[in-house]
Structure formats: C-alpha cells, structure tokens
$ cat structure_36.txt   # compact mmCIF, C-alpha atoms
# COMPACT_ATOMS: atom_id res chain seq x y z
CA MET E 1 0.00 0.00 0.00
CA ALA E 2 2.86 2.34 0.89
CA ASP E 3 4.47 1.63 -2.49
CA ASP E 4 1.21 2.51 -4.26
CA ASP E 5 0.97 5.78 -2.31
CA ASN E 6 4.60 6.60 -3.10
CA GLN E 7 4.06 5.87 -6.83
CA HIS E 8 0.92 8.06 -6.84
CA SER E 9 2.87 10.88 -5.13
CA THR E 10 5.70 10.61 -7.66
CA SER E 11 3.18 10.64 -10.54
CA GLN E 12 1.50 13.76 -9.15
CA SER E 13 4.88 15.42 -8.70
CA ILE E 14 5.88 14.74 -12.34
CA LYS E 15 2.55 16.10 -13.62
CA ALA E 16 2.84 19.20 -11.47
CA ARG E 17 6.38 19.87 -12.66
CA LEU E 18 5.41 19.37 -16.31
CA GLN E 19 2.47 21.77 -15.98
CA GLU E 20 4.60 24.30 -14.14
CA GLY E 21 7.14 24.19 -16.96
CA ASN E 22 4.42 24.98 -19.51
CA GLN E 23 3.01 27.83 -17.44
CA ASN E 24 6.38 29.46 -16.80
CA SER E 25 7.79 29.13 -20.32
CA VAL E 26 9.18 32.23 -22.01
CA PHE E 27 7.42 31.07 -25.21
CA ARG E 28 3.92 31.97 -26.31
CA ASN E 29 3.91 30.27 -29.74
CA LYS E 30 7.15 28.35 -30.23
CA GLY E 31 5.92 26.98 -33.56
CA LEU E 32 6.75 30.34 -35.20
CA LEU E 33 10.43 29.48 -34.67
CA GLU E 34 10.29 25.96 -36.09
CA LEU E 35 12.22 25.80 -39.35
CA ASP E 36 9.52 23.96 -41.33
CA THR E 37 6.69 26.34 -40.38
CA VAL E 38 4.90 27.94 -43.34
CA ILE E 39 4.65 31.57 -42.22
CA ASP E 40 2.24 34.39 -43.08
CA GLU E 41 3.25 36.71 -45.91
CA ASP E 42 3.64 39.68 -43.55
CA ARG E 43 6.55 37.86 -41.90
CA ILE E 44 8.52 37.58 -45.17
CA VAL E 45 11.39 40.07 -45.18
CA GLY E 46 14.03 41.13 -47.70
CA ARG E 47 12.75 38.99 -50.55
CA ASP E 48 10.41 41.35 -52.44
CA ASP E 49 11.93 40.72 -55.88
CA GLN E 50 11.92 36.94 -55.48
CA LEU E 51 8.37 37.02 -54.11
CA ASP E 52 7.15 39.14 -57.05
CA ASN E 53 8.82 36.82 -59.56
CA ILE E 54 7.39 33.63 -58.09
CA ILE E 55 3.90 35.15 -57.82
CA SER E 56 4.02 36.17 -61.48
CA TYR E 57 5.20 32.70 -62.51
CA ILE E 58 2.55 30.81 -60.53
CA ARG E 59 -0.41 33.16 -61.20
CA PRO E 60 -1.33 31.40 -64.48
CA ALA E 61 -2.45 28.38 -62.45
CA LEU E 62 -5.42 30.46 -61.23
CA GLN E 63 -6.29 31.32 -64.83
CA GLY E 64 -6.41 27.75 -66.09
CA ASN E 65 -2.96 27.94 -67.67
CA ARG E 66 0.32 26.14 -67.04
CA PRO E 67 2.95 27.96 -64.93
CA PRO E 68 6.55 27.69 -66.17
CA ASN E 69 9.05 25.42 -64.51
CA MET E 70 11.23 27.23 -61.97
CA LEU E 71 14.74 26.87 -60.55
CA LEU E 72 15.27 28.55 -57.19
CA TYR E 73 18.92 28.71 -56.24
CA GLY E 74 21.15 30.40 -53.68
CA PRO E 75 22.92 29.63 -50.39
CA SER E 76 21.27 27.66 -47.59
CA GLY E 77 18.86 29.59 -45.39
CA THR E 78 18.12 32.40 -47.86
CA GLY E 79 14.36 31.88 -48.13
CA LYS E 80 13.98 29.60 -51.17
CA SER E 81 11.67 27.02 -49.58
CA LEU E 82 10.00 29.66 -47.44
CA ILE E 83 8.91 31.79 -50.42
CA ILE E 84 7.75 29.01 -52.75
CA ASN E 85 5.79 27.31 -49.95
CA ALA E 86 4.16 30.57 -48.82
CA VAL E 87 3.05 31.45 -52.38
CA CYS E 88 1.78 27.94 -53.09
CA GLU E 89 -0.25 27.95 -49.86
CA GLN E 90 -2.02 31.13 -51.02
CA VAL E 91 -2.58 29.79 -54.53
CA LEU E 92 -4.03 26.62 -53.03
CA GLU E 93 -6.51 28.62 -50.95
CA LEU E 94 -7.57 30.79 -53.90
CA ALA E 95 -7.91 27.78 -56.21
CA ASN E 96 -10.04 25.91 -53.69
CA SER E 97 -12.30 28.95 -53.27
CA GLN E 98 -12.79 29.01 -57.07
CA GLY E 99 -13.52 25.29 -57.19
CA ASP E 100 -10.31 24.57 -59.14
CA ARG E 101 -8.59 21.23 -58.66
CA PHE E 102 -5.11 22.55 -57.89
CA GLY E 103 -2.46 20.63 -55.95
CA VAL E 104 1.02 21.10 -54.52
CA ILE E 105 3.22 18.04 -54.15
CA LYS E 106 6.51 18.37 -52.25
CA ILE E 107 9.41 16.09 -51.49
CA ASN E 108 12.79 16.81 -49.92
CA CYS E 109 15.40 14.99 -51.97
CA GLN E 110 17.93 14.98 -49.13
CA THR E 111 16.23 11.90 -47.68
CA VAL E 112 15.74 10.13 -51.03
CA SER E 113 18.44 7.69 -52.12
CA SER E 114 17.40 6.79 -55.66
CA HIS E 115 15.23 7.64 -58.66
CA ASP E 116 12.88 4.77 -57.80
CA ARG E 117 12.53 5.99 -54.21
CA ALA E 118 11.82 9.53 -55.40
CA ILE E 119 8.99 8.30 -57.64
CA TYR E 120 7.47 6.30 -54.79
CA ARG E 121 7.62 9.33 -52.50
CA LEU E 122 5.75 11.33 -55.16
CA VAL E 123 3.11 8.59 -55.36
CA GLU E 124 2.71 8.63 -51.57
CA ASN E 125 2.36 12.40 -51.49
CA ALA E 126 -0.09 12.53 -54.41
CA ALA E 127 -2.25 9.75 -52.94
CA GLN E 128 -2.40 11.55 -49.60
CA LYS E 129 -3.39 14.86 -51.25
CA ALA E 130 -6.07 13.15 -53.37
CA GLY E 131 -7.35 10.96 -50.53
CA VAL E 132 -6.89 7.73 -52.49
CA ASP E 133 -4.95 4.51 -51.98
CA ILE E 134 -1.28 4.50 -52.98
CA GLY E 135 -2.06 1.62 -55.28
CA VAL E 136 1.48 0.27 -55.71
CA PRO E 137 3.86 -1.44 -53.26
CA GLU E 138 7.13 0.20 -52.28
CA SER E 139 9.09 -2.75 -53.65
CA GLY E 140 8.46 -5.64 -55.98
CA VAL E 141 7.25 -3.58 -58.96
CA SER E 142 9.13 -1.55 -61.55
CA THR E 143 9.80 2.17 -61.34
CA ASP E 144 7.70 2.62 -64.49
CA GLN E 145 4.69 1.08 -62.76
CA LYS E 146 5.09 3.51 -59.87
CA LEU E 147 5.44 6.42 -62.29
CA ASN E 148 2.29 5.34 -64.16
CA ARG E 149 0.40 5.21 -60.87
CA PHE E 150 1.63 8.73 -60.04
CA TYR E 151 0.38 10.02 -63.39
CA GLU E 152 -2.93 8.21 -62.89
CA ILE E 153 -3.55 9.81 -59.50
CA LEU E 154 -2.79 13.28 -60.86
CA SER E 155 -4.93 12.86 -63.99
CA ASN E 156 -7.94 11.59 -62.04
CA ASN E 157 -7.85 14.12 -59.22
CA LEU E 158 -6.08 17.35 -60.21
CA ASP E 159 -6.21 19.76 -63.14
CA SER E 160 -3.08 21.75 -62.25
CA ILE E 161 -0.10 20.61 -60.20
CA ILE E 162 3.10 22.19 -58.94
CA ILE E 163 5.76 19.68 -57.90
CA ILE E 164 8.36 21.11 -55.50
CA LEU E 165 11.66 19.22 -55.39
CA ASP E 166 13.65 20.66 -52.49
CA GLU E 167 17.44 20.11 -52.33
CA ILE E 168 17.22 18.39 -55.70
CA ASP E 169 21.00 18.38 -56.22
CA LEU E 170 21.26 15.73 -53.46
CA LEU E 171 19.24 13.21 -55.50
CA LEU E 172 22.24 11.61 -57.16
CA GLY E 173 21.10 8.00 -57.12
CA ARG E 174 23.35 4.96 -57.47
CA ARG E 175 26.05 5.89 -59.98
CA ARG E 176 28.86 3.50 -60.88
CA ASN E 177 31.11 6.36 -61.96
CA PRO E 178 30.98 10.18 -61.77
CA ASP E 179 30.05 10.47 -65.46
CA ASP E 180 26.76 8.58 -65.02
CA GLU E 181 23.58 10.62 -65.30
CA PRO E 182 22.40 11.75 -61.83
CA ALA E 183 18.96 10.58 -60.75
CA TYR E 184 17.62 14.14 -60.61
CA SER E 185 18.32 14.59 -64.34
CA LYS E 186 16.11 11.63 -65.28
CA LEU E 187 13.40 12.70 -62.83
CA LEU E 188 13.24 16.27 -64.17
CA TYR E 189 13.04 14.99 -67.74
CA GLN E 190 10.14 12.66 -66.93
CA LEU E 191 8.15 15.21 -64.91
CA SER E 192 8.64 18.15 -67.27
CA ARG E 193 7.64 16.03 -70.31
CA ALA E 194 4.59 14.37 -68.74
CA SER E 195 2.00 16.92 -69.95
CA HIS E 196 3.51 17.21 -73.44
CA LEU E 197 3.46 13.43 -73.88
CA GLY E 198 -0.13 13.13 -72.70
CA ARG E 199 0.83 11.15 -69.60
CA ILE E 200 -1.11 13.62 -67.43
CA GLY E 201 -4.38 15.28 -68.34
CA GLY E 202 -3.74 18.51 -66.43
CA HIS E 203 -0.94 21.05 -66.23
CA VAL E 204 2.28 20.06 -64.46
CA SER E 205 5.00 22.50 -63.38
CA VAL E 206 8.19 21.69 -61.49
CA ALA E 207 9.91 24.00 -59.01
CA ALA E 208 13.41 22.72 -58.25
CA ILE E 209 15.32 24.14 -55.26
CA THR E 210 19.09 23.93 -54.95
CA ASN E 211 22.08 25.56 -53.27
CA ASP E 212 24.23 24.88 -56.34
CA PRO E 213 24.37 27.73 -58.89
CA ARG E 214 25.92 25.31 -61.42
CA PHE E 215 23.06 22.85 -61.15
CA MET E 216 21.91 23.21 -64.77
CA GLN E 217 25.39 22.33 -66.02
CA ASN E 218 25.03 18.83 -64.58
CA LEU E 219 21.77 18.03 -66.38
CA ASP E 220 21.57 15.73 -69.34
CA GLY E 221 20.97 17.73 -72.55
CA ARG E 222 17.44 16.37 -72.97
CA ALA E 223 16.54 17.17 -69.37
CA GLU E 224 17.95 20.67 -69.64
CA SER E 225 15.95 21.37 -72.80
CA SER E 226 12.74 19.89 -71.41
CA PHE E 227 12.98 21.47 -67.94
CA ASN E 228 13.99 24.95 -69.28
CA PRO E 229 13.17 26.80 -66.05
CA GLN E 230 12.69 30.41 -65.06
CA ASP E 231 15.54 31.24 -62.64
CA VAL E 232 14.92 32.87 -59.26
CA ILE E 233 18.15 33.83 -57.53
CA PHE E 234 18.45 34.19 -53.75
CA SER E 235 21.39 35.98 -52.11
CA ASP E 236 22.58 35.96 -48.49
CA TYR E 237 20.67 37.99 -45.92
CA ASP E 238 22.57 40.83 -44.27
CA ALA E 239 22.44 41.58 -40.53
CA ASP E 240 19.69 44.21 -40.91
CA GLN E 241 17.47 41.80 -42.85
CA LEU E 242 18.07 39.07 -40.27
CA GLN E 243 17.07 41.50 -37.52
CA ALA E 244 13.86 42.30 -39.39
CA ILE E 245 13.12 38.57 -39.80
CA LEU E 246 13.52 37.94 -36.07
CA LYS E 247 11.46 41.01 -35.11
CA ARG E 248 8.57 39.62 -37.14
CA ARG E 249 8.76 36.41 -35.16
CA LYS E 250 9.31 37.83 -31.69
CA ASP E 251 5.64 37.17 -30.85
CA ALA E 252 6.75 33.55 -30.50
CA TYR E 253 7.79 34.79 -27.05
CA GLN E 254 5.75 36.13 -24.16
CA ASP E 255 5.60 39.90 -23.76
CA ASP E 256 8.58 41.57 -22.10
CA VAL E 257 10.78 38.47 -21.79
CA LEU E 258 13.39 39.43 -24.40
CA ASN E 259 16.39 41.47 -23.33
CA GLY E 260 16.89 44.38 -25.73
CA GLY E 261 20.09 42.99 -27.22
CA ILE E 262 18.78 39.50 -28.04
CA ILE E 263 17.60 40.13 -31.60
CA PRO E 264 20.62 42.22 -32.75
CA LEU E 265 23.03 39.67 -31.27
CA SER E 266 21.26 36.67 -32.83
CA ALA E 267 21.23 38.44 -36.21
CA ALA E 268 24.87 39.51 -35.97
CA LEU E 269 26.07 36.00 -35.11
CA ALA E 270 24.07 34.47 -37.98
CA ALA E 271 25.28 37.15 -40.41
CA GLN E 272 28.86 36.10 -39.63
CA ASP E 273 27.86 32.59 -40.69
CA HIS E 274 26.98 33.47 -44.32
CA GLY E 275 23.68 35.26 -43.65
CA ASP E 276 21.67 32.10 -43.02
CA ALA E 277 18.15 32.93 -41.76
CA ARG E 278 17.61 29.37 -40.57
CA LYS E 279 20.59 29.70 -38.25
CA ALA E 280 19.37 33.06 -36.97
CA ILE E 281 15.92 31.64 -36.19
CA ASP E 282 17.43 28.49 -34.69
CA LEU E 283 19.70 30.57 -32.44
CA PHE E 284 16.78 32.80 -31.43
CA ARG E 285 14.71 29.72 -30.48
CA LYS E 286 17.49 27.84 -28.69
CA ALA E 287 18.22 30.87 -26.50
CA GLY E 288 14.64 30.66 -25.22
CA GLU E 289 14.91 26.91 -24.68
CA ILE E 290 18.03 27.45 -22.57
CA ALA E 291 16.23 30.14 -20.54
CA ASP E 292 13.39 27.66 -19.92
CA ARG E 293 15.84 24.92 -18.88
CA GLU E 294 17.41 27.33 -16.41
CA THR E 295 13.94 28.42 -15.20
CA GLU E 296 14.72 32.03 -16.09
CA ASP E 297 11.85 34.42 -16.75
CA MET E 298 13.90 36.50 -19.19
CA VAL E 299 16.03 35.65 -22.23
CA HIS E 300 19.45 37.34 -22.01
CA GLU E 301 22.45 37.71 -24.32
CA ASN E 302 24.32 34.98 -22.43
CA HIS E 303 21.55 32.57 -23.47
CA VAL E 304 22.19 33.45 -27.12
CA ARG E 305 25.94 32.88 -26.73
CA HIS E 306 25.25 29.60 -24.94
CA ALA E 307 22.92 28.62 -27.81
CA GLN E 308 25.61 29.43 -30.35
CA LYS E 309 28.09 27.24 -28.48
CA GLU E 310 25.56 24.38 -28.34
CA ALA E 311 24.89 24.73 -32.07
CA ARG E 312 28.61 24.57 -32.83
CA ARG E 313 28.97 21.53 -30.58
CA ASP E 314 26.05 19.80 -32.32
CA ARG E 315 27.51 20.58 -35.75
CA THR E 316 30.96 19.37 -34.66
CA LEU E 317 29.48 16.19 -33.18
CA THR E 318 27.67 15.48 -36.46
CA GLN E 319 30.87 15.98 -38.42
CA MET E 320 32.78 13.63 -36.11
CA GLN E 321 30.28 10.78 -36.12
CA GLY E 322 31.89 7.62 -37.42
CA LEU E 323 35.48 8.74 -36.86
CA SER E 324 37.75 6.04 -35.45
CA THR E 325 39.50 6.40 -32.09
CA GLN E 326 42.82 7.16 -33.77
CA LYS E 327 41.30 9.91 -35.91
CA LYS E 328 39.61 11.44 -32.88
CA LEU E 329 42.86 11.28 -30.91
CA SER E 330 44.74 13.05 -33.71
CA LEU E 331 42.09 15.76 -33.84
CA TYR E 332 42.00 16.01 -30.03
CA ALA E 333 45.79 16.39 -29.77
CA THR E 334 45.69 19.23 -32.28
CA ALA E 335 42.71 20.92 -30.61
CA VAL E 336 44.15 20.82 -27.07
CA SER E 337 47.40 22.26 -28.45
CA SER E 338 45.34 25.25 -29.59
CA VAL E 339 43.27 25.55 -26.41
CA TYR E 340 46.15 25.17 -23.93
CA SER E 341 48.76 27.20 -25.79
CA GLN E 342 50.06 30.09 -23.68
CA ARG E 343 51.24 31.79 -26.87
CA ASN E 344 47.64 32.03 -28.19
CA LEU E 345 48.57 30.40 -31.48
CA ASP E 346 46.05 30.62 -34.30
CA ALA E 347 47.72 27.77 -36.21
CA ILE E 348 49.15 24.63 -34.60
CA PRO E 349 52.33 23.11 -36.06
CA SER E 350 51.92 19.43 -36.91
CA THR E 351 55.21 18.70 -35.12
CA VAL E 352 53.77 19.98 -31.83
CA ALA E 353 50.42 18.26 -32.26
CA TYR E 354 52.01 14.90 -33.06
CA ARG E 355 54.18 15.06 -29.92
CA VAL E 356 51.05 15.76 -27.88
CA TYR E 357 49.33 12.86 -29.66
CA GLN E 358 52.21 10.56 -28.57
CA PHE E 359 51.72 11.65 -24.96
CA LEU E 360 47.96 11.08 -25.16
CA VAL E 361 48.16 7.54 -26.55
CA ASP E 362 50.56 6.73 -23.71
CA ILE E 363 48.30 7.95 -20.88
CA LEU E 364 45.20 6.44 -22.53
CA ASP E 365 46.96 3.13 -23.24
CA VAL E 366 46.14 3.24 -26.96
CA GLU E 367 48.30 1.96 -29.83
CA GLU E 368 50.60 4.67 -31.17
CA LYS E 369 50.45 5.37 -34.91
CA SER E 370 53.21 6.89 -37.04
CA ARG E 371 53.56 10.57 -37.88
CA GLU E 372 52.50 9.74 -41.44
CA SER E 373 49.29 8.21 -40.11
CA TYR E 374 48.64 11.29 -37.97
CA LEU E 375 49.05 13.52 -41.04
CA ARG E 376 46.72 11.28 -43.03
CA TYR E 377 44.07 11.47 -40.29
CA MET E 378 44.33 15.26 -40.21
CA ASN E 379 44.00 15.40 -44.00
CA GLU E 380 40.73 13.56 -43.57
CA ALA E 381 39.65 16.05 -40.89
CA GLU E 382 40.28 18.75 -43.47
CA THR E 383 37.93 17.06 -45.95
CA TYR E 384 35.26 17.06 -43.20
CA ASN E 385 35.68 20.85 -42.96
CA LEU E 386 36.92 20.66 -39.36
CA VAL E 387 40.35 22.23 -40.02
CA THR E 388 42.31 24.02 -42.70
CA SER E 389 46.03 23.59 -43.25
CA GLN E 390 48.98 25.25 -44.91
CA LYS E 391 52.62 24.35 -45.29
CA ARG E 392 55.29 26.42 -43.53
CA GLY E 393 59.04 26.48 -43.89
CA ARG E 394 61.29 26.98 -40.86
CA GLY E 395 64.23 28.44 -42.68
CA PHE E 396 67.07 27.11 -44.79
CA GLY E 397 67.82 23.45 -44.09
CA SER E 398 65.06 23.09 -41.49
CA GLY E 399 62.42 21.48 -43.66
CA VAL E 400 58.69 22.12 -44.06
CA HIS E 401 55.81 21.33 -41.70
CA LYS E 402 52.03 21.70 -41.76
CA GLU E 403 50.04 24.08 -39.58
CA TYR E 404 46.40 23.45 -38.69
CA THR E 405 43.69 26.02 -37.98
CA PHE E 406 40.26 25.02 -36.68
CA ILE E 407 37.25 26.31 -38.59
CA ASP E 408 35.09 26.31 -35.46
CA ASP E 409 36.17 27.10 -31.90
CA SER E 410 38.87 24.59 -30.92
CA GLU E 411 37.52 24.63 -27.35
CA VAL E 412 34.20 23.31 -28.66
CA VAL E 413 36.08 20.56 -30.53
CA VAL E 414 37.86 19.56 -27.30
CA GLU E 415 34.63 19.52 -25.26
CA THR E 416 32.83 17.52 -27.94
CA LEU E 417 35.58 14.91 -28.23
CA GLU E 418 35.75 14.53 -24.45
CA THR E 419 32.16 13.22 -24.50
CA ASP E 420 33.55 10.08 -26.19
CA PHE E 421 34.07 7.48 -23.45
CA ARG E 422 37.41 6.52 -25.03
CA LEU E 423 38.74 10.03 -24.42
CA GLU E 424 37.04 10.93 -21.16
CA ASP E 425 40.14 9.98 -19.10
CA ALA E 426 42.04 12.76 -20.87
CA LYS E 427 39.58 15.26 -19.40
CA HIS E 428 40.92 14.50 -15.93
CA GLU E 429 44.54 15.11 -16.97
CA GLY E 430 44.02 18.71 -18.12
CA ASP E 431 46.84 20.28 -16.11
CA LEU E 432 49.33 17.63 -17.18
CA ILE E 433 48.31 17.89 -20.85
CA LYS E 434 48.60 21.68 -20.65
CA SER E 435 52.17 21.45 -19.39
CA VAL E 436 53.08 18.99 -22.16
CA VAL E 437 51.51 21.23 -24.82
CA ASN E 438 53.44 24.30 -23.75
CA ALA E 439 56.70 22.40 -23.33
CA GLN E 440 56.38 21.13 -26.91
CA ILE E 441 55.46 24.61 -28.21
CA ASN E 442 58.44 26.16 -26.45
CA ASN E 443 60.74 23.45 -27.82
CA PHE E 444 59.40 24.02 -31.31
CA PHE E 445 59.94 27.79 -31.36
CA GLU E 446 63.19 27.84 -29.41
CA GLY E 447 64.58 25.23 -31.75
CA SER E 448 63.61 27.19 -34.87

$ encode --input "structure_36.txt" --output "structure tokens"
Amino acid sequence: MADDDNQHSTSQSIKARLQEGNQNSVFRNKGLLELDTVIDEDRIVGRDDQLDNIISYIRPALQGNRPPNMLLYGPSGTGKSLIINAVCEQVLELANSQGDRFGVIKINCQTVSSHDRAIYRLVENAAQKAGVDIGVPESGVSTDQKLNRFYEILSNNLDSIIIILDEIDLLLGRRRNPDDEPAYSKLLYQLSRASHLGRIGGHVSVAAITNDPRFMQNLDGRAESSFNPQDVIFSDYDADQLQAILKRRKDAYQDDVLNGGIIPLSAALAAQDHGDARKAIDLFRKAGEIADRETEDMVHENHVRHAQKEARRDRTLTQMQGLSTQKKLSLYATAVSSVYSQRNLDAIPSTVAYRVYQFLVDILDVEEKSRESYLRYMNEAETYNLVTSQKRGRGFGSGVHKEYTFIDDSEVVVETLETDFRLEDAKHEGDLIKSVVNAQINNFFEGS
C-alpha cells in the first residue's frame, strides 16, 4: 500500500512539474520558430523581388494555364523554400475557393536515395493529397509502374499541379562512376515532359530548389531542354534583414521576456555565418529553450551565446560521427594544443600536435600510430571541414611542416571529443596535458 501511495505521489509530482514548466515558459507560440513552419506573408522580409517573380510565374495556375518550370537557387537559409511554400499555400486557398482542382506536391530529396525511391515518394504524397490509396507497393514492382500510378492519380484528381523538389541536387542515385547521369536529371526529364506526352491530363510544373548555382550544367541535354526553367536567384541575408526577420517572429515569445540585445546579437552571429536565416531563427529559439531549462523568466544575451556554443557543438558532433578512435585522438591532440597554448597560437604546427598525440596515446593506453598516419588522419579532418592547413618552412635546411587552424572554436572541438568514453580519461589530466603542450610549443619555437 505504501508503495502505491509513493508511486501516486511521484506521478503527481511529475505532472505538477510538467504543468509548471508549460506555465512558466518564455514562449507563447514556439511553432513560429520551427524551421519547417509555413509563415504568413507579412513575416517575409528582404525577398520582395523573389516574391514578385514567383507570384508572377505561378499566377497562371489560377487562370487555367500552365505555370513555367522554376529553378530557385542560392545559399542555404536564404528563403527559397520559405517563399515558394508561402506562395503555393495562397494559390491553393484561392484555387479551392474558385472550385479549381489545384495541388502542390513536395518532397525533400535529401532523404531520397534513388530515382525509384523519389517516384514512390511522389506517389505517396499525391495519394495523400487526393485521398486515395497508394495503389502500388514500395518494392516488388518496376519504377515505371510507380510512375504510371503517379500520373494516374494526378490525372484523375487534379487539373493543375506544382511539384516542388527541395534540395534536388542531393538526388544523385546509385552511380557506378561520376560520369553517369544523376537521378535528378532523369526525374526532371520525366516530370517536365509528362504533360507534353499526354501522360497527365492537367498542367504540371516543377519548381526545383538547390544551393548549387551550377546545377543546370550537370543536367543531361534532354533534361535541360525539357525542364527549361525560369531562374529565381536568392542571395545571403545581411544583418539588418536578419534582424527584421527575427522582429517579425518575436511574438513567438511572451511579452517583455526578451532582453533588448537578443535580436541584434542573434542576427549579428548568424550574419557572420553566411547570412543564413535558418541559423538566426534556430539561435533565437534555442536561446529561449536554454532560458526555460534554467527556469529564467527573461532571455538574455548569455543565453544566445550559450545557444551558439551548443549549435557549434552539435555541428561538430555530427561531423565527427563515425570517426575512429585514432582519428579522434589526432584531432583532439591538435585541438588541445590550440586551447592550452600560452602563446595564443592561431595555427598549430603538426610537429607539436604529433608530440602531444604521442603523450595522449601513452596515458590512454592506446596503440601509437606513425607521424604519417597522424598527417593522413588530419588530411581527412580537413575534408570534413573541421580544419584548414597550410605548409610552412622553418628556414634554410630546417624542412617544411604543416600548420592546422580550426574552422570552429577549438575549445568546442575539445569539449565535444571529451564526450567520447574513449577520451574521457584525458579530461581528468588537463593540467598535465597543458604542461606537455606548452613544453612542446616552447621546444618548437626555441629550436627554430
């Protein structure tokens, strides 16, 4: 009986704490800061030209005509998906009010591994929009059968369709060699020719979204001719535009919970990172989440800086997933050499980092690899965009060495690597590692 009472008390306590967290949150409508939210047109900032162009291209759908195909390109986080989705939502509402059978079908190609899988995703999406059965299995039938089913659903249920293919350049498919036609080329050819060939009764337009300005150069000649899109170019946001974007979403928060410097700081930090609005919004949201975790009733600048550090750590962790212990040790030795250096070095000589690596493998009881292996591991880290390198000479007869500079904060790299259980013992030897780092740095420069 006592156990039942204790369990009931614990259950009540959890419920009370959950409800208290909701009541005391700094957020009013957190959904406004979710990256996949389709926002109202009055929240769109700094994209007037692109908005006007896309409206003019899609307007014919409301007049019973076929819109042109479109190619939206520009850096990540510059509003491509935001604008096309916002316009299509409005067209959908107007078409429905007129009794027109208009549809928008969207897939994100980042999660699609092949041409066959892309077609099946289109069938799934079209069937859901039309409220009909998919009609074909995911496997066990040919891609042509799936494509025919897709055309059948569209012809029977819609008179005008816009197909949005987000991040289309990532749909490469299974290619035996780099010269093979990418899967997106075949897909664009099939979709853009469907109406002309009578495969679909209504009008079909394709809006392809990519970060790659050279995307059209990689298309097969037939696909390029058939697709023949209207280009809509998106440039980076500047800090003022990012501020305006965040101001139009500040009602995601409760009244009077934002410190005055929150929006300018979030915008400035995102502007440094190539003007990516997604990162600005993500930073703005994460700052509030940190304030909630800390049961603060205000969001301060330190929450934004904490959010930026968490974002960098998450990005670094993603980049490091799958690295072997030896690769992580090589990276860790180089990063701690940067963090612990009393000379505040921007670039770490490979000679120093390798000596630190040798010390680390000794205290962690790990097999020691050669200097050539260390350099090979660091070359791989460079391909992962974790470091940059350049060769340096030390004077006549002294040879050449490499110097490594971290793209993100080396302290974040150290903290992230120390979460790996194979490296956690190094965390407890900080003072000893620091002395080894500076001894090796002093030896390096005094010997030059």

$ closest_residue --input "structure_36.txt" --among "E:Ile263, E:Val91, E:Ala118, E:Ile83" --to "Val304 (chain E)" --atoms "all atoms listed in the file"
E:Ile263

$ atom_distance --input "structure_36.txt" --atom1 "CA of Met298 (chain E)" --atom2 "CA of Val257 (chain E)"
4.5 Å

$ closest_residue --input "structure_36.txt" --among "E:Ala223, E:Leu171, E:Val387, E:Leu345" --to "Asn442 (chain E)" --atoms "only C-alpha atoms"
E:Leu345

$ atom_distance --input "structure_36.txt" --atom1 "CA of Leu165 (chain E)" --atom2 "CA of Arg222 (chain E)"
18.7 Å

$ atom_distance --input "structure_36.txt" --atom1 "CA of Ala267 (chain E)" --atom2 "CA of Val299 (chain E)"
15.2 Å

$ closest_residue --input "structure_36.txt" --among "E:Leu197, E:Ile441, E:Val336, E:Cys88" --to "Ile39 (chain E)" --atoms "all atoms listed in the file"
E:Cys88

$ closest_atom_pairs --input "structure_36.txt" --of "region 184-300 of chain E" --to "region 167-170 of chain E" --cutoff "7 Å" --atoms "only C-alpha atoms" --output "Markdown table"
| residue | atom | partner | partner_atom | distance |
| --- | --- | --- | --- | --- |
| E:Tyr184 | CA | E:Ile168 | CA | 6.5 |
| E:Ala208 | CA | E:Ile168 | CA | 6.3 |
| E:Ile209 | CA | E:Glu167 | CA | 5.4 |
| E:Thr210 | CA | E:Glu167 | CA | 4.9 |
| E:Phe215 | CA | E:Asp169 | CA | 7.0 |

$ closest_residue --input "structure_36.txt" --among "E:Asp256, E:Asp42, E:Asp212, E:Asp276" --to "Leu242 (chain E)" --atoms "only C-alpha atoms"
E:Asp276

$ axis_aligned_box --input "structure_36.txt" --around "region 340-343 of chain E" --padding-each-side "6 Å" --output "AutoDock Vina command-line options"
--center_x 48.7 --center_y 28.5 --center_z -25.3 --size_x 17.1 --size_y 18.6 --size_z 15.2

$ closest_residue --input "structure_36.txt" --among "E:Ala130, E:Val436, E:Val412, E:Leu122" --to "Ile107 (chain E)" --atoms "all atoms listed in the file"
E:Leu122

$ residues_around --input "structure_36.txt" --residues "Asn344 (chain E)" --least-positions-apart "3" --cutoff "12 Å" --atoms "all atoms listed in the file" --output "list in words"
Val336, Ser337, Ser338, Val339, Tyr340, Ser341, Ala347, Ile348, Ser410, Val437, Asn438 and Ile441 of chain E

$ closest_residue --input "structure_36.txt" --among "E:Ser373, E:Asn156, E:Gln308, E:Gln217" --to "Lys327 (chain E)" --atoms "all atoms listed in the file"
E:Ser373

$ residues_around --input "structure_36.txt" --residues "region 137-145 of chain E" --least-positions-apart "4" --cutoff "12 Å" --atoms "all atoms listed in the file" --output "ChimeraX atom specification"
/E:114-124,133,149-152,187,190

$ residues_near_point --input "structure_36.txt" --point "(20.8, 33.6, -56.0)" --cutoff "6 Å" --atoms "all atoms listed in the file" --output "list of chain:residue names"
E:Tyr73, E:Gly74, E:Ile233, E:Phe234, E:Ser235

$ residues_around --input "structure_36.txt" --residues "Asp100 (chain E)" --least-positions-apart "3" --cutoff "10 Å" --atoms "only C-alpha atoms" --output "list of chain:residue names"
E:Ala61, E:Leu62, E:Gln63, E:Gly64, E:Leu92, E:Glu93, E:Leu94, E:Ala95, E:Asn96, E:Ser97, E:Gly103, E:Leu158, E:Asp159, E:Ser160

$ write_last_selection --input "structure_36.txt" --atoms "C-alpha atoms" --output "JSON list (two decimals), keeping the file's coordinate frame"
[["chain", "number", "residue", "atom", "x", "y", "z"],
["E", 61, "ALA", "CA", -2.45, 28.38, -62.45],
["E", 62, "LEU", "CA", -5.42, 30.46, -61.23],
["E", 63, "GLN", "CA", -6.29, 31.32, -64.83],
["E", 64, "GLY", "CA", -6.41, 27.75, -66.09],
["E", 92, "LEU", "CA", -4.03, 26.62, -53.03],
["E", 93, "GLU", "CA", -6.51, 28.62, -50.95],
["E", 94, "LEU", "CA", -7.57, 30.79, -53.90],
["E", 95, "ALA", "CA", -7.91, 27.78, -56.21],
["E", 96, "ASN", "CA", -10.04, 25.91, -53.69],
["E", 97, "SER", "CA", -12.30, 28.95, -53.27],
["E", 103, "GLY", "CA", -2.46, 20.63, -55.95],
["E", 158, "LEU", "CA", -6.08, 17.35, -60.21],
["E", 159, "ASP", "CA", -6.21, 19.76, -63.14],
["E", 160, "SER", "CA", -3.08, 21.75, -62.25]]

$ residues_around --input "structure_36.txt" --residues "Ala86 (chain E)" --least-positions-apart "6" --cutoff "9 Å" --atoms "only C-alpha atoms" --output "NGL selection string"
:E and (38-41)

$ residues_around --input "structure_36.txt" --residues "Asp362 (chain E)" --least-positions-apart "4" --cutoff "12 Å" --atoms "all atoms listed in the file" --output "list in words"
Leu329, Arg355, Val356, Tyr357, Gln358, Val366, Glu367, Glu368, Lys369, Asp425, Ala426 and Ile433 of chain E
